[in-house]
Number of protein chains: 2
Amino acid sequence: MEKVNLLGEASKVADLWGRVTPLRFNDYDVHVNRIKGEYVWHSHADTDDVLMVLSGRMTVQLRTGDVELGPGDMVVVPAGVEHCPKADEETVIMCIEPRDTAPTGDA
Amino acid sequence: MEKVNLLGEASKVADLWGRVTPLRFNDYDVHVNRIKGEYVWHSHADTDDVLMVLSGRMTVQLRTGDVELGPGDMVVVPAGVEHCPKADEETVIMCIEPRDTAPTGDA
């Protein structure tokens, strides 16, 4: 059983919007993503999406408005809700999803 | 959809070893616990246990040795593995468990 410093994992992410998966629990993955710029609008039909900022700032764009996250902020995007993450500066986030969830969603 | 600052939730925890549950995803709870001292040895037969330090320091005591966690460190205690959290100073942690998991375990 190894502890993982989540922010420290960011250095292993080669490309922006890439990720590593340092931990797993039950049938879930804990991902660390390095992001900058705008992702794609997507949703996950069958799972909520857990997003937490570890460093930097992220805007979770929703069709109903934006949610702004700083370090230590977490949001749960409900299943089926379209969203598009965006970061003006390089930002590191943790993302928790069921194993094998497509990062770009399924809708 | 509201963002939550996990560390900020700690002020809502009245008692040491108490917790609040600011977020839920799928059939999981995201708890924030305020801890100091030693908890009880316990295990969860049917679920892994996700523990992350938000501030302070925590020792996850295991029968095989200790794991020391500082801010941003996360560990997954596998199902069935006996553990006993301990904190010399007041510490705030996040804990992710399936809804209705007993904090003191089932074994």
# chains A, B, ... in the order shown; residues from 1 in each chain; ligands from 1

call {"tool": "residues_around", "arguments": {"residues": "Arg24 (chain A)", "least_positions_apart": "2", "cutoff": "10 Å", "atoms": "only C-alpha atoms", "output": "NGL selection string"}}
result
(:A and (21-22 or 26-31 or 96-99)) or (:B and (48 or 50 or 75-76 or 78))

call {"tool": "residues_around", "arguments": {"residues": "Trp41 (chain A)", "least_positions_apart": "6", "cutoff": "10 Å", "atoms": "only C-alpha atoms", "output": "JSON list (two decimals) with all heavy atoms, in the first residue's frame"}}
result
[["chain", "number", "residue", "atom", "x", "y", "z"],
["A", 61, "GLN", "N", -17.34, 24.78, -17.56],
["A", 61, "GLN", "CA", -18.41, 25.42, -18.32],
["A", 61, "GLN", "C", -19.61, 24.46, -18.40],
["A", 61, "GLN", "O", -19.44, 23.28, -18.72],
["A", 61, "GLN", "CB", -17.93, 25.76, -19.73],
["A", 61, "GLN", "CG", -16.73, 26.68, -19.75],
["A", 61, "GLN", "CD", -16.24, 26.94, -21.17],
["A", 61, "GLN", "OE1", -16.61, 27.91, -21.81],
["A", 61, "GLN", "NE2", -15.40, 26.02, -21.67],
["A", 62, "LEU", "N", -20.77, 25.00, -18.09],
["A", 62, "LEU", "CA", -22.01, 24.24, -18.19],
["A", 62, "LEU", "C", -22.94, 25.02, -19.12],
["A", 62, "LEU", "O", -22.76, 26.22, -19.32],
["A", 62, "LEU", "CB", -22.66, 24.11, -16.81],
["A", 62, "LEU", "CG", -21.79, 23.48, -15.72],
["A", 62, "LEU", "CD1", -22.36, 23.78, -14.34],
["A", 62, "LEU", "CD2", -21.66, 21.98, -15.95],
["A", 63, "ARG", "N", -23.95, 24.38, -19.66],
["A", 63, "ARG", "CA", -24.90, 25.09, -20.52],
["A", 63, "ARG", "C", -25.67, 26.14, -19.72],
["A", 63, "ARG", "O", -26.21, 27.08, -20.28],
["A", 63, "ARG", "CB", -25.87, 24.08, -21.15],
["A", 63, "ARG", "CG", -25.22, 23.07, -22.08],
["A", 63, "ARG", "CD", -24.46, 23.71, -23.23],
["A", 63, "ARG", "NE", -23.97, 22.70, -24.20],
["A", 63, "ARG", "CZ", -23.12, 22.97, -25.18],
["A", 63, "ARG", "NH1", -22.62, 24.19, -25.32],
["A", 63, "ARG", "NH2", -22.74, 22.02, -26.01],
["A", 81, "VAL", "N", -25.04, 15.49, -17.70],
["A", 81, "VAL", "CA", -24.93, 16.95, -17.79],
["A", 81, "VAL", "C", -23.72, 17.33, -18.66],
["A", 81, "VAL", "O", -22.58, 16.96, -18.35],
["A", 81, "VAL", "CB", -24.80, 17.58, -16.39],
["A", 81, "VAL", "CG1", -24.46, 19.07, -16.49],
["A", 81, "VAL", "CG2", -26.09, 17.39, -15.61],
["A", 82, "GLU", "N", -23.98, 18.06, -19.71],
["A", 82, "GLU", "CA", -22.91, 18.50, -20.60],
["A", 82, "GLU", "C", -22.00, 19.49, -19.89],
["A", 82, "GLU", "O", -22.48, 20.41, -19.22],
["A", 82, "GLU", "CB", -23.50, 19.19, -21.84],
["A", 82, "GLU", "CG", -23.94, 18.26, -22.94],
["A", 82, "GLU", "CD", -24.26, 19.10, -24.18],
["A", 82, "GLU", "OE1", -25.21, 19.90, -24.12],
["A", 82, "GLU", "OE2", -23.54, 18.94, -25.19],
["A", 83, "HIS", "N", -20.70, 19.31, -20.08],
["A", 83, "HIS", "CA", -19.75, 20.23, -19.47],
["A", 83, "HIS", "C", -18.49, 20.29, -20.33],
["A", 83, "HIS", "O", -18.22, 19.40, -21.13],
["A", 83, "HIS", "CB", -19.40, 19.81, -18.04],
["A", 83, "HIS", "CG", -18.86, 18.43, -17.89],
["A", 83, "HIS", "ND1", -19.63, 17.28, -18.06],
["A", 83, "HIS", "CD2", -17.62, 17.98, -17.58],
["A", 83, "HIS", "CE1", -18.88, 16.21, -17.85],
["A", 83, "HIS", "NE2", -17.65, 16.61, -17.56],
["A", 84, "CYS", "N", -17.75, 21.40, -20.14],
["A", 84, "CYS", "CA", -16.52, 21.60, -20.90],
["A", 84, "CYS", "C", -15.51, 22.30, -20.00],
["A", 84, "CYS", "O", -15.64, 23.49, -19.73],
["A", 84, "CYS", "CB", -16.79, 22.45, -22.14],
["A", 84, "CYS", "SG", -15.31, 22.76, -23.12],
["A", 85, "PRO", "N", -14.52, 21.57, -19.50],
["A", 85, "PRO", "CA", -13.49, 22.18, -18.64],
["A", 85, "PRO", "C", -12.61, 23.14, -19.44],
["A", 85, "PRO", "O", -12.35, 22.93, -20.62],
["A", 85, "PRO", "CB", -12.67, 20.98, -18.16],
["A", 85, "PRO", "CG", -13.54, 19.79, -18.38],
["A", 85, "PRO", "CD", -14.35, 20.11, -19.59],
["A", 104, "THR", "N", -13.59, 11.79, -22.92],
["A", 104, "THR", "CA", -14.36, 12.70, -23.76],
["A", 104, "THR", "C", -15.85, 12.40, -23.72],
["A", 104, "THR", "O", -16.63, 12.99, -24.47],
["A", 104, "THR", "CB", -13.88, 12.63, -25.22],
["A", 104, "THR", "OG1", -13.87, 11.25, -25.62],
["A", 104, "THR", "CG2", -12.49, 13.20, -25.36],
["A", 105, "GLY", "N", -16.25, 11.48, -22.83],
["A", 105, "GLY", "CA", -17.66, 11.20, -22.65],
["A", 105, "GLY", "C", -18.23, 10.31, -23.74],
["A", 105, "GLY", "O", -17.49, 9.77, -24.59],
["A", 107, "ALA", "N", -21.47, 11.24, -25.13],
["A", 107, "ALA", "CA", -22.60, 11.99, -25.70],
["A", 107, "ALA", "C", -22.16, 13.43, -25.95],
["A", 107, "ALA", "O", -21.23, 13.92, -25.33],
["A", 107, "ALA", "CB", -23.79, 11.96, -24.76]]

call {"tool": "interface_residues", "arguments": {"of": "chain B", "to": "chain A", "cutoff": "8 Å", "atoms": "only C-alpha atoms", "output": "CSV table (one decimal) with C-alpha atoms, in the first residue's frame"}}
result
chain,number,residue,atom,x,y,z
B,1,MET,CA,-24.3,22.2,-9.0
B,2,GLU,CA,-22.2,23.8,-6.3
B,3,LYS,CA,-18.5,23.7,-5.8
B,4,VAL,CA,-17.2,22.8,-2.4
B,5,ASN,CA,-14.0,23.8,-0.8
B,6,LEU,CA,-13.2,20.6,1.1
B,7,LEU,CA,-10.9,22.2,3.6
B,23,LEU,CA,-20.7,15.8,-1.9
B,24,ARG,CA,-22.0,12.6,-3.3
B,25,PHE,CA,-21.4,10.9,-6.6
B,26,ASN,CA,-23.1,7.8,-7.9
B,47,THR,CA,-15.0,-1.8,0.1
B,48,ASP,CA,-11.7,-0.1,-0.3
B,49,ASP,CA,-11.2,3.0,1.7
B,50,VAL,CA,-9.9,6.2,0.1
B,67,VAL,CA,1.9,5.0,6.2
B,68,GLU,CA,2.6,8.7,6.9
B,69,LEU,CA,0.5,11.2,5.0
B,72,GLY,CA,-2.2,16.2,-0.8
B,73,ASP,CA,-1.2,12.6,0.0
B,74,MET,CA,-3.8,9.9,-0.7
B,75,VAL,CA,-3.9,6.2,0.1
B,76,VAL,CA,-6.3,3.4,-0.7
B,77,VAL,CA,-6.7,0.9,2.1
B,78,PRO,CA,-7.9,-2.3,0.4

call {"tool": "closest_residue", "arguments": {"among": "B:Cys95, B:Asp100, B:Ala10, B:Asp106", "to": "Val40 (chain B)", "atoms": "only C-alpha atoms"}}
result
B:Asp106

call {"tool": "closest_residue", "arguments": {"among": "A:Val20, A:Glu9, A:Ala87, A:Ala14", "to": "Ile35 (chain A)", "atoms": "only C-alpha atoms"}}
result
A:Ala87

call {"tool": "atom_distance", "arguments": {"atom1": "CA of Glu89 (chain B)", "atom2": "CA of Arg19 (chain B)"}}
result
16.8 Å
